[in-house]
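Chemist: So that you have it, the file is my_file29.cif, and it contains mmCIF, C-alpha atoms:
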```cif
data_query
loop_
_atom_site.label_atom_id
_atom_site.label_comp_id
_atom_site.auth_asym_id
_atom_site.auth_seq_id
_atom_site.Cartn_x
_atom_site.Cartn_y
_atom_site.Cartn_z
CA MET A 5 109.63 114.79 66.17
CA LYS A 6 105.84 114.94 66.46
CA LYS A 7 105.51 112.12 63.88
CA SER A 8 107.87 109.82 65.81
CA ASN A 9 105.96 110.63 69.01
CA ASN A 10 102.75 109.54 67.34
CA VAL A 11 104.34 106.29 66.17
CA LEU A 12 105.60 105.59 69.69
CA LYS A 13 102.20 106.41 71.15
CA ARG A 14 100.48 104.07 68.71
CA ALA A 15 102.96 101.28 69.48
CA ALA A 16 102.46 101.76 73.23
CA LYS A 17 98.71 101.76 72.73
CA SER A 18 98.75 98.49 70.82
CA VAL A 19 100.97 96.79 73.46
CA VAL A 20 98.79 98.04 76.31
CA LEU A 21 95.56 96.99 74.60
CA ARG A 22 97.00 93.57 73.79
CA SER A 23 97.85 93.15 77.50
CA ALA A 24 94.36 94.27 78.52
CA LYS A 25 92.84 91.75 76.10
CA ILE A 26 95.06 88.94 77.41
CA GLY A 27 94.09 89.90 80.97
CA CYS A 28 90.44 89.95 80.01
CA GLU A 29 90.47 86.61 78.21
CA SER A 30 92.47 84.62 80.76
CA ALA A 31 91.77 83.26 84.24
CA SER A 32 94.67 85.19 85.72
CA VAL A 33 97.64 87.23 84.57
CA HIS A 34 101.04 85.65 84.26
CA PHE A 35 102.57 85.72 87.73
CA PHE A 36 101.28 86.27 91.27
CA GLY A 37 99.98 89.84 90.97
CA GLN A 38 96.55 90.59 89.58
CA PRO A 39 95.31 94.14 88.89
CA LYS A 40 91.62 94.81 89.44
CA GLU A 41 89.79 94.32 86.17
CA PRO A 42 87.62 97.29 85.07
CA LYS A 43 83.88 96.56 85.09
CA ASN A 44 82.47 95.24 81.79
CA LEU A 45 85.94 95.16 80.24
CA LYS A 46 84.93 92.50 77.75
CA GLN A 47 81.99 94.54 76.47
CA ILE A 48 84.10 97.71 76.30
CA LEU A 49 86.79 95.94 74.27
CA LYS A 50 84.15 94.41 71.97
CA LYS A 51 82.23 97.66 71.47
CA SER A 52 85.23 99.73 70.52
CA LYS A 53 86.56 97.19 67.98
CA MET B 27 102.64 101.96 93.69
CA LEU B 28 102.44 100.18 90.33
CA HIS B 29 98.80 101.27 90.00
CA THR B 30 99.72 104.92 90.59
CA LEU B 31 102.60 104.65 88.12
CA SER B 32 100.21 103.08 85.55
CA GLU B 33 97.74 105.93 86.08
CA LYS B 34 100.49 108.49 85.47
CA ILE B 35 101.72 106.71 82.32
CA ALA B 36 98.13 106.42 81.04
CA ASP B 37 97.53 110.13 81.71
CA PHE B 38 100.72 110.99 79.85
CA LEU B 39 100.11 108.72 76.84
CA PHE B 40 96.35 108.71 76.43
CA ASP B 41 93.39 111.02 76.94
CA ASN B 42 89.62 110.70 77.15
CA ASN B 43 89.27 111.18 73.37
CA ASP B 44 90.95 107.81 72.77
CA ASP B 45 89.00 104.75 71.57
CA TYR B 46 88.79 103.16 75.02
CA PRO B 47 88.12 104.53 78.53
CA ILE B 48 91.28 105.43 80.45
CA GLU B 49 90.70 102.54 82.96
CA VAL B 50 91.31 100.04 80.15
CA TYR B 51 94.71 101.59 79.42
CA ILE B 52 95.59 101.72 83.13
CA TYR B 53 94.68 98.01 83.43
CA GLY B 54 96.76 97.13 80.34
CA ILE B 55 99.76 99.14 81.56
CA GLU B 56 99.54 97.51 85.01
CA ILE B 57 99.53 94.02 83.47
CA THR B 58 102.42 94.90 81.13
CA LEU B 59 104.55 96.41 83.90
CA SER B 60 103.87 93.62 86.41
CA THR B 61 104.73 90.99 83.79
CA ILE B 62 107.96 92.78 82.84
CA ILE B 63 108.96 93.14 86.53
CA GLY B 64 108.14 89.45 87.20
CA ALA B 65 110.12 88.32 84.15
CA ILE B 66 113.13 90.49 85.05
CA SER B 67 113.05 89.19 88.66
CA LEU B 68 113.03 85.57 87.48
CA LEU B 69 115.74 86.06 84.88
CA THR B 70 117.94 87.90 87.39
CA ALA B 71 117.45 85.08 89.91
CA GLY B 72 118.32 82.64 87.11
CA LEU B 73 121.56 84.51 86.41
CA ILE B 74 122.43 84.63 90.14
CA PHE B 75 121.86 80.88 90.60
CA ASN B 76 123.48 80.14 87.21
CA LEU B 77 120.26 78.44 86.07
CA PHE B 78 119.22 80.72 83.21
CA ALA B 79 117.69 78.04 80.94
CA GLU B 80 115.71 76.62 83.87
CA SER B 81 114.44 80.12 84.70
CA ILE B 82 113.11 80.61 81.18
CA ILE B 83 111.40 77.19 81.20
CA TYR B 84 110.00 77.92 84.69
CA MET B 85 108.70 81.33 83.60
CA ILE B 86 106.99 80.08 80.44
CA SER B 87 105.49 76.90 81.92
CA LEU B 88 104.22 78.73 85.02
CA SER B 89 102.66 81.68 83.22
CA VAL B 90 101.06 79.66 80.41
CA ILE B 91 99.21 77.29 82.75
CA ARG B 92 98.28 79.97 85.29
CA MET B 93 96.63 82.03 82.55
CA PHE B 94 94.00 79.30 82.34
CA SER B 95 94.07 77.68 85.78
CA GLY B 96 94.12 80.87 87.88
CA GLY B 97 95.29 80.51 91.46
CA TYR B 98 96.69 82.50 94.35
CA HIS B 99 97.36 86.20 93.82
CA SER B 100 98.97 88.57 96.29
CA LYS B 101 97.35 91.83 97.31
CA THR B 102 100.40 93.97 96.54
CA TYR B 103 102.97 93.76 93.78
CA LEU B 104 105.82 93.68 96.29
CA LYS B 105 104.27 90.62 97.94
CA CYS B 106 103.65 89.18 94.48
CA ASN B 107 107.32 89.43 93.55
CA ILE B 108 108.41 88.02 96.90
CA VAL B 109 106.05 85.04 96.43
CA LEU B 110 107.32 84.59 92.87
CA ILE B 111 110.97 84.54 93.95
CA ILE B 112 110.30 82.28 96.96
CA SER B 113 108.36 79.83 94.77
CA TYR B 114 111.21 79.93 92.24
CA ILE B 115 113.85 79.23 94.90
CA CYS B 116 111.75 76.34 96.32
CA SER B 117 111.36 74.95 92.80
CA ILE B 118 115.11 75.19 92.20
CA LEU B 119 115.81 73.37 95.50
CA PHE B 120 113.28 70.65 94.62
CA TYR B 121 114.80 70.42 91.12
CA ARG B 122 118.37 70.13 92.45
CA ILE B 123 117.40 67.42 94.96
CA TYR B 124 115.40 65.65 92.27
CA ILE B 125 118.18 65.48 89.67
CA ASN B 126 120.70 64.42 92.31
CA HIS B 127 118.68 61.69 94.05
CA PHE B 128 115.48 60.72 92.24
CA LEU B 129 116.37 60.51 88.56
CA GLU B 130 116.25 56.70 88.60
CA ASN B 131 112.60 56.90 89.60
CA ASN B 132 111.76 59.46 86.93
CA PHE B 133 108.73 57.61 85.56
CA ILE B 134 107.19 57.10 89.00
CA SER B 135 107.79 60.74 90.01
CA PHE B 136 106.20 62.04 86.82
CA GLY B 137 103.30 59.64 87.31
CA ILE B 138 102.66 60.75 90.92
CA ILE B 139 102.79 64.48 90.10
CA PHE B 140 100.67 63.89 87.00
CA ILE B 141 97.91 62.09 88.96
CA ILE B 142 97.91 64.63 91.83
CA SER B 143 97.80 67.58 89.40
CA LEU B 144 95.06 65.97 87.35
CA CYS B 145 92.92 65.54 90.50
CA ILE B 146 93.53 69.17 91.60
CA PHE B 147 92.80 70.58 88.15
CA ILE B 148 89.68 68.47 87.63
CA LEU B 149 88.31 69.40 91.06
CA PHE B 150 89.27 73.07 91.37
CA ALA B 151 90.59 74.71 88.18
CA PRO B 152 90.02 77.42 87.10
CA VAL B 153 90.11 79.41 90.33
CA SER B 154 88.84 82.98 90.34
CA ASN B 155 90.15 85.60 92.76
CA PRO B 156 88.72 88.88 94.15
CA ASN B 157 90.25 90.88 91.29
CA LYS B 158 89.26 88.50 88.54
CA ASP B 159 85.93 86.79 88.18
CA ILE B 160 85.64 83.99 85.63
CA SER B 161 82.36 83.73 83.73
CA ASP B 162 80.51 80.41 83.71
CA THR B 163 80.97 80.08 79.96
CA ASN B 164 84.72 80.38 80.33
CA LYS B 165 85.01 78.01 83.30
CA ASN B 166 84.71 74.77 81.34
CA ARG B 167 86.90 76.06 78.52
CA PHE B 168 89.66 77.09 80.95
CA LYS B 169 89.44 73.77 82.80
CA ILE B 170 89.95 71.79 79.60
CA ILE B 171 92.74 74.05 78.32
CA SER B 172 94.60 74.01 81.65
CA LEU B 173 94.30 70.22 81.88
CA LEU B 174 95.64 69.83 78.35
CA LEU B 175 98.51 72.19 79.15
CA VAL B 176 99.48 70.19 82.24
CA VAL B 177 99.44 66.95 80.23
CA ALA B 178 101.41 68.61 77.39
CA GLU B 179 104.05 70.18 79.65
CA LEU B 180 104.63 67.06 81.74
CA GLY B 181 104.56 64.79 78.69
CA LEU B 182 106.91 66.99 76.68
CA SER B 183 109.44 67.39 79.46
CA TYR B 184 109.44 63.64 80.14
CA ILE B 185 109.90 62.78 76.46
CA VAL B 186 112.56 65.47 75.87
CA TYR B 187 114.55 64.28 78.91
CA GLU B 188 114.26 60.59 78.01
CA ILE B 189 115.25 61.14 74.36
CA THR B 190 117.85 63.90 74.55
CA GLY B 191 119.00 63.80 78.19
CA ILE B 192 118.51 67.57 78.51
CA TYR B 193 117.82 67.58 82.26
CA GLN B 194 116.89 71.30 82.43
CA VAL B 195 113.38 70.46 81.24
CA LEU B 196 112.77 68.63 84.54
CA ILE B 197 112.17 72.06 86.15
CA VAL B 198 108.63 71.59 84.80
CA LEU B 199 107.96 69.09 87.63
CA PRO B 200 108.34 71.58 90.53
CA THR B 201 106.64 74.27 88.42
CA ILE B 202 103.51 72.13 88.18
CA VAL B 203 103.71 71.51 91.95
CA VAL B 204 103.88 75.32 92.51
CA ILE B 205 100.76 75.77 90.37
CA ASP B 206 98.96 72.98 92.28
CA ILE B 207 99.84 74.63 95.60
CA SER B 208 98.77 78.08 94.37
CA ILE B 209 95.37 76.66 93.35
CA LEU B 210 94.91 74.98 96.76
CA VAL B 211 96.02 78.12 98.64
CA GLU B 212 93.53 80.28 96.72
CA ILE B 213 90.74 77.75 97.46
CA ILE B 214 91.58 77.91 101.20
CA PHE B 215 91.64 81.74 101.09
CA GLN B 216 88.30 81.80 99.28
CA LYS B 217 86.74 79.63 101.97
CA ARG B 218 88.24 81.85 104.65
CA ARG B 219 86.87 84.98 102.91
CA VAL B 220 83.38 83.46 102.75
CA HIS B 221 83.64 82.49 106.44
CA ASN B 222 84.77 86.02 107.42
CA GLU B 223 81.93 87.56 105.40
CA LYS B 224 79.44 85.35 107.23
CA ILE B 225 80.86 86.42 110.60
CA LYS B 226 80.74 90.11 109.57
CA GLN B 227 77.12 89.75 108.46
CA CYS B 228 76.29 87.94 111.67
CA ILE B 229 77.84 90.75 113.76
CA LYS B 230 75.90 93.35 111.72
CA GLU B 231 72.60 91.53 112.13
CA GLY B 232 73.33 90.73 115.77
CA CYS B 233 72.99 86.97 115.69
#
```
As C-alpha coordinates, what does this structure read like?

Modeler:
Amino acid sequence: MKKSNNVLKRAAKSVVLRSAKIGCESASVHFFGQPKEPKNLKQILKKSK
Amino acid sequence: MLHTLSEKIADFLFDNNDDYPIEVYIYGIEITLSTIIGAISLLTAGLIFNLFAESIIYMISLSVIRMFSGGYHSKTYLKCNIVLIISYICSILFYRIYINHFLENNFISFGIIFIISLCIFILFAPVSNPNKDISDTNKNRFKIISLLLVVAELGLSYIVYEITGIYQVLIVLPTIVVIDISILVEIIFQKRRVHNEKIKQCIKEGC
(Lines of atoms letter the chains of each structure in order from A and count residues from 1; the text may use other names and numbers.)
(Lines give C-alpha, C1' and ligand atoms only; values in the text may rest on other atoms or scores of the structure.)
Protein backbone atom coordinates (compact mmCIF):
# COMPACT_ATOMS: atom_id res chain seq x y z
CA MET A 1 0.00 0.00 0.00
CA LYS A 2 2.79 2.38 1.03
CA LYS A 3 4.79 1.41 -2.09
CA SER A 4 1.88 2.18 -4.43
CA ASN A 5 1.35 5.49 -2.63
CA ASN A 6 4.96 6.39 -3.29
CA VAL A 7 4.61 5.51 -6.97
CA LEU A 8 1.49 7.66 -7.24
CA LYS A 9 3.21 10.51 -5.43
CA ARG A 10 6.20 10.32 -7.76
CA ALA A 11 3.93 10.27 -10.83
CA ALA A 12 1.97 13.28 -9.54
CA LYS A 13 5.22 15.07 -8.81
CA SER A 14 6.55 14.53 -12.32
CA VAL A 15 3.27 15.74 -13.92
CA VAL A 16 3.16 18.82 -11.69
CA LEU A 17 6.81 19.69 -12.32
CA ARG A 18 6.36 19.21 -16.07
CA SER A 19 3.43 21.67 -15.93
CA ALA A 20 5.47 24.16 -13.91
CA LYS A 21 8.30 23.92 -16.45
CA ILE A 22 5.90 24.43 -19.38
CA GLY A 23 4.41 27.43 -17.55
CA CYS A 24 7.87 28.81 -16.89
CA GLU A 25 9.14 28.37 -20.44
CA SER A 26 6.10 29.73 -22.29
CA ALA A 27 4.57 33.18 -22.77
CA SER A 28 1.28 32.06 -21.27
CA VAL A 29 -0.45 28.88 -20.20
CA HIS A 30 -2.84 27.13 -22.51
CA PHE A 31 -6.18 28.86 -22.10
CA PHE A 32 -7.39 32.15 -20.62
CA GLY A 33 -6.38 31.65 -16.97
CA GLN A 34 -2.88 32.37 -15.77
CA PRO A 35 -1.67 31.55 -12.24
CA LYS A 36 0.85 33.92 -10.69
CA GLU A 37 4.33 32.62 -11.39
CA PRO A 38 6.55 32.20 -8.28
CA LYS A 39 9.51 34.59 -8.16
CA ASN A 40 12.72 33.27 -9.74
CA LEU A 41 10.96 30.10 -10.88
CA LYS A 42 13.44 29.55 -13.69
CA GLN A 43 16.43 29.70 -11.33
CA ILE A 44 14.70 27.43 -8.80
CA LEU A 45 13.94 24.83 -11.47
CA LYS A 46 17.52 25.05 -12.80
CA LYS A 47 19.15 24.85 -9.37
CA SER A 48 17.28 21.80 -8.23
CA LYS A 49 17.94 19.81 -11.44
CA MET B 1 -10.81 28.71 -5.44
CA LEU B 2 -8.48 26.78 -7.75
CA HIS B 3 -5.49 28.32 -5.97
CA THR B 4 -6.77 27.20 -2.56
CA LEU B 5 -7.49 23.72 -3.93
CA SER B 6 -3.94 23.59 -5.41
CA GLU B 7 -2.49 24.62 -2.04
CA LYS B 8 -4.41 21.83 -0.31
CA ILE B 9 -3.34 19.22 -2.88
CA ALA B 10 0.29 20.41 -2.62
CA ASP B 11 0.15 20.21 1.19
CA PHE B 12 -1.25 16.69 0.95
CA LEU B 13 1.21 15.39 -1.67
CA PHE B 14 4.41 17.27 -0.93
CA ASP B 15 6.29 18.72 2.02
CA ASN B 16 9.13 21.16 2.59
CA ASN B 17 11.71 18.34 2.39
CA ASP B 18 10.96 17.88 -1.32
CA ASP B 19 13.40 18.97 -4.05
CA TYR B 20 11.51 22.18 -4.86
CA PRO B 21 9.80 24.85 -2.73
CA ILE B 22 6.08 24.22 -2.19
CA GLU B 23 5.15 27.29 -4.34
CA VAL B 24 6.54 25.52 -7.40
CA TYR B 25 4.24 22.55 -6.80
CA ILE B 26 1.25 24.83 -6.16
CA TYR B 27 1.98 26.64 -9.45
CA GLY B 28 2.31 23.33 -11.35
CA ILE B 29 -0.90 21.95 -9.84
CA GLU B 30 -2.78 25.17 -10.69
CA ILE B 31 -1.63 25.00 -14.33
CA THR B 32 -2.50 21.29 -14.56
CA LEU B 33 -5.96 21.73 -13.06
CA SER B 34 -6.82 24.84 -15.09
CA THR B 35 -5.73 23.10 -18.30
CA ILE B 36 -7.78 19.99 -17.48
CA ILE B 37 -10.86 22.11 -16.64
CA GLY B 38 -10.44 24.15 -19.86
CA ALA B 39 -10.04 21.01 -21.97
CA ILE B 40 -13.08 19.33 -20.37
CA SER B 41 -15.18 22.49 -20.90
CA LEU B 42 -14.23 22.65 -24.59
CA LEU B 43 -14.77 18.94 -25.21
CA THR B 44 -18.15 19.06 -23.45
CA ALA B 45 -19.17 22.07 -25.55
CA GLY B 46 -17.99 20.13 -28.62
CA LEU B 47 -20.20 17.18 -27.68
CA ILE B 48 -23.19 19.48 -27.03
CA PHE B 49 -22.82 21.24 -30.40
CA ASN B 50 -21.96 17.93 -32.12
CA LEU B 51 -18.64 19.41 -33.26
CA PHE B 52 -16.18 17.18 -31.41
CA ALA B 53 -13.43 17.11 -34.07
CA GLU B 54 -13.61 20.91 -34.43
CA SER B 55 -13.31 21.27 -30.64
CA ILE B 56 -10.13 19.21 -30.56
CA ILE B 57 -8.61 21.21 -33.46
CA TYR B 58 -9.71 24.47 -31.78
CA MET B 59 -8.20 23.41 -28.45
CA ILE B 60 -4.84 22.36 -29.88
CA SER B 61 -4.40 25.26 -32.30
CA LEU B 62 -5.42 27.84 -29.67
CA SER B 63 -3.25 26.53 -26.86
CA VAL B 64 -0.15 25.89 -28.98
CA ILE B 65 -0.01 29.43 -30.39
CA ARG B 66 -0.99 31.15 -27.14
CA MET B 67 1.88 29.41 -25.33
CA PHE B 68 4.22 31.57 -27.41
CA SER B 69 2.13 34.62 -28.31
CA GLY B 70 0.62 35.27 -24.86
CA GLY B 71 -2.50 37.42 -24.77
CA TYR B 72 -5.49 38.24 -22.62
CA HIS B 73 -5.89 36.40 -19.33
CA SER B 74 -8.81 36.66 -16.94
CA LYS B 75 -8.34 37.45 -13.27
CA THR B 76 -10.37 34.47 -12.04
CA TYR B 77 -10.68 30.94 -13.34
CA LEU B 78 -14.46 31.23 -13.55
CA LYS B 79 -14.10 34.25 -15.83
CA CYS B 80 -11.40 32.39 -17.74
CA ASN B 81 -13.71 29.48 -18.48
CA ILE B 82 -16.56 31.81 -19.42
CA VAL B 83 -14.25 33.67 -21.84
CA LEU B 84 -13.03 30.35 -23.23
CA ILE B 85 -16.55 29.06 -23.87
CA ILE B 86 -17.77 32.40 -25.31
CA SER B 87 -14.75 32.56 -27.65
CA TYR B 88 -15.43 28.94 -28.66
CA ILE B 89 -19.11 29.65 -29.40
CA CYS B 90 -18.18 32.77 -31.43
CA SER B 91 -15.62 30.71 -33.36
CA ILE B 92 -18.20 28.01 -34.07
CA LEU B 93 -20.69 30.64 -35.32
CA PHE B 94 -18.02 32.22 -37.54
CA TYR B 95 -17.03 28.73 -38.77
CA ARG B 96 -20.64 27.76 -39.57
CA ILE B 97 -21.28 31.01 -41.46
CA TYR B 98 -17.95 30.63 -43.24
CA ILE B 99 -18.51 27.08 -44.50
CA ASN B 100 -22.06 27.94 -45.57
CA HIS B 101 -21.40 31.21 -47.40
CA PHE B 102 -17.73 31.97 -47.97
CA LEU B 103 -16.14 28.71 -49.08
CA GLU B 104 -15.86 29.89 -52.69
CA ASN B 105 -13.62 32.72 -51.50
CA ASN B 106 -11.45 30.44 -49.39
CA PHE B 107 -8.13 31.68 -50.76
CA ILE B 108 -9.02 35.35 -50.25
CA SER B 109 -10.32 34.72 -46.71
CA PHE B 110 -7.17 32.84 -45.73
CA GLY B 111 -5.06 35.59 -47.29
CA ILE B 112 -6.85 38.39 -45.39
CA ILE B 113 -6.65 36.63 -42.02
CA PHE B 114 -3.04 35.66 -42.71
CA ILE B 115 -1.99 39.27 -43.45
CA ILE B 116 -3.90 40.73 -40.47
CA SER B 117 -2.48 38.10 -38.09
CA LEU B 118 1.02 38.58 -39.43
CA CYS B 119 0.78 42.35 -38.76
CA ILE B 120 -0.58 41.80 -35.21
CA PHE B 121 2.05 39.19 -34.37
CA ILE B 122 4.94 41.21 -35.81
CA LEU B 123 3.84 44.35 -33.96
CA PHE B 124 2.70 42.98 -30.59
CA ALA B 125 3.54 39.31 -29.93
CA PRO B 126 4.51 38.05 -27.42
CA VAL B 127 2.32 39.88 -24.91
CA SER B 128 3.12 39.61 -21.22
CA ASN B 129 0.45 39.94 -18.53
CA PRO B 130 0.54 40.89 -14.81
CA ASN B 131 0.99 37.25 -13.78
CA LYS B 132 3.60 36.41 -16.38
CA ASP B 133 6.52 38.56 -17.35
CA ILE B 134 8.49 37.58 -20.47
CA SER B 135 12.25 38.11 -20.35
CA ASP B 136 13.89 40.13 -23.13
CA THR B 137 15.87 37.09 -24.27
CA ASN B 138 12.68 35.11 -24.73
CA LYS B 139 10.74 37.89 -26.49
CA ASN B 140 12.38 37.50 -29.90
CA ARG B 141 12.32 33.70 -29.69
CA PHE B 142 8.61 33.66 -28.84
CA LYS B 143 7.81 36.14 -31.61
CA ILE B 144 9.51 33.98 -34.24
CA ILE B 145 7.98 30.73 -32.94
CA SER B 146 4.46 32.21 -32.73
CA LEU B 147 4.76 33.65 -36.25
CA LEU B 148 5.92 30.29 -37.59
CA LEU B 149 3.05 28.55 -35.82
CA VAL B 150 0.48 30.92 -37.34
CA VAL B 151 1.93 30.33 -40.82
CA ALA B 152 2.06 26.56 -40.21
CA GLU B 153 -1.50 26.30 -38.85
CA LEU B 154 -3.07 28.45 -41.56
CA GLY B 155 -1.01 26.81 -44.31
CA LEU B 156 -1.73 23.29 -43.10
CA SER B 157 -5.46 23.82 -42.73
CA TYR B 158 -5.67 25.42 -46.20
CA ILE B 159 -3.71 22.58 -47.83
CA VAL B 160 -5.58 19.83 -45.95
CA TYR B 161 -8.95 21.33 -46.94
CA GLU B 162 -7.97 21.86 -50.58
CA ILE B 163 -6.52 18.35 -50.97
CA THR B 164 -8.83 16.20 -48.86
CA GLY B 165 -11.97 18.33 -48.51
CA ILE B 166 -11.99 17.79 -44.73
CA TYR B 167 -13.77 21.04 -43.85
CA GLN B 168 -13.35 20.64 -40.05
CA VAL B 169 -9.82 22.01 -40.32
CA LEU B 170 -11.28 25.41 -41.30
CA ILE B 171 -11.99 26.00 -37.58
CA VAL B 172 -8.35 27.16 -37.51
CA LEU B 173 -9.44 30.42 -39.21
CA PRO B 174 -11.66 31.69 -36.35
CA THR B 175 -9.18 30.31 -33.82
CA ILE B 176 -6.45 32.55 -35.22
CA VAL B 177 -8.91 35.49 -35.13
CA VAL B 178 -9.60 34.73 -31.42
CA ILE B 179 -5.85 34.78 -30.71
CA ASP B 180 -5.47 38.08 -32.63
CA ILE B 181 -8.30 39.62 -30.60
CA SER B 182 -6.89 38.32 -27.31
CA ILE B 183 -3.51 39.92 -28.12
CA LEU B 184 -5.16 43.27 -28.96
CA VAL B 185 -7.37 43.15 -25.84
CA GLU B 186 -4.35 42.52 -23.60
CA ILE B 187 -2.48 45.43 -25.26
CA ILE B 188 -5.46 47.74 -24.57
CA PHE B 189 -5.65 46.53 -20.94
CA GLN B 190 -1.91 47.07 -20.51
CA LYS B 191 -2.23 50.65 -21.72
CA ARG B 192 -5.19 51.18 -19.41
CA ARG B 193 -3.21 49.76 -16.45
CA VAL B 194 -0.29 52.10 -17.17
CA HIS B 195 -2.71 55.04 -17.45
CA ASN B 196 -4.41 54.12 -14.13
CA GLU B 197 -1.01 53.78 -12.42
CA LYS B 198 -0.07 57.26 -13.63
CA ILE B 199 -3.33 58.69 -12.27
CA LYS B 200 -2.80 56.93 -8.91
CA GLN B 201 0.75 58.28 -8.68
CA CYS B 202 -0.48 61.73 -9.62
CA ILE B 203 -3.14 61.62 -6.87
CA LYS B 204 -0.51 60.44 -4.34
CA GLU B 205 1.93 63.20 -5.28
CA GLY B 206 -0.85 65.77 -5.51
CA CYS B 207 -0.33 66.99 -9.04

Chemist: What does the PyMOL selection byres ((chain B) within 6 of (chain A)) select in this file, as number ranges by chain?

Modeler: B: 54-55, 89, 93-94, 96, 99-100, 103, 106, 157

Chemist: Work out how far apart CA of Leu196 in chain B and CA of Ile66 in chain B are and give it in Å to one decimal.

Modeler: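 The value is 21.9 Å.
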
Chemist: Applied to the shown file, which residues does the PyMOL selection byres ((chain B and resi 118) around 10) return, written as a list in words?

Modeler: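 Here the PyMOL selection byres ((chain B and resi 118) around 10) matches Gly72, Phe75, Leu77, Glu80, Ser81, Tyr84, Ile112, Ser113, Tyr114, Ile115, Cys116, Ser117, Leu119, Phe120, Tyr121, Arg122, Ile123, Tyr124, Ile197, Pro200 and Thr201 of chain B.
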
Chemist: Report the centre and edge lengths, in Å to one decimal, of an axis-aligned box enclosing every atom of range 14-21 of chain A listed in the file, padded by 3 Å on each side, as AutoDock Vina command-line options.

Modeler:
```
--center_x 99.3 --center_y 100.4 --center_z 72.5 --size_x 13.4 --size_y 13.3 --size_z 13.6
```

Chemist: For the provided coordinates, the residues matched by the PyMOL selection byres ((chain B and resi 49) around 9) should be stated as a list in words.

Modeler: Glu41 and Pro42 of chain A; Glu33, Ala36, Tyr46, Pro47, Ile48, Val50, Tyr51, Ile52, Tyr53 and Gly54 of chain B

Chemist: Please write the residues from the selection above to a file, keeping C-alpha atoms, as an mmCIF file, in the coordinates of the input.

Modeler:
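Writing the result to selection_30.cif gives the following:
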```cif
data_model
loop_
_atom_site.group_PDB
_atom_site.id
_atom_site.type_symbol
_atom_site.label_atom_id
_atom_site.label_comp_id
_atom_site.auth_asym_id
_atom_site.auth_seq_id
_atom_site.Cartn_x
_atom_site.Cartn_y
_atom_site.Cartn_z
ATOM 1 C CA GLU A 41 89.790 94.320 86.170
ATOM 2 C CA PRO A 42 87.620 97.290 85.070
ATOM 3 C CA GLU B 33 97.740 105.930 86.080
ATOM 4 C CA ALA B 36 98.130 106.420 81.040
ATOM 5 C CA TYR B 46 88.790 103.160 75.020
ATOM 6 C CA PRO B 47 88.120 104.530 78.530
ATOM 7 C CA ILE B 48 91.280 105.430 80.450
ATOM 8 C CA VAL B 50 91.310 100.040 80.150
ATOM 9 C CA TYR B 51 94.710 101.590 79.420
ATOM 10 C CA ILE B 52 95.590 101.720 83.130
ATOM 11 C CA TYR B 53 94.680 98.010 83.430
ATOM 12 C CA GLY B 54 96.760 97.130 80.340
#
```

Chemist: What is the distance between CA of Pro152 in chain B and CA of Ser95 in chain B, in Å to one decimal?

Modeler: 4.3 Å

Chemist: Calculate how many Å separate CA of Leu73 in chain B from CA of Ile205 in chain B, rounding to one decimal.

Modeler: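 A separation of 22.9 Å between them.
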
Chemist: Which neighbours of Asp206 in chain B fall inside 12 Å, counting all atoms listed in the file, when residues of the same chain fewer than 5 positions from it are skipped, and could you give them as number ranges by chain?

Modeler: B: 88, 91-92, 95-98, 113, 139-153, 172-173, 176, 199-201, 211-213
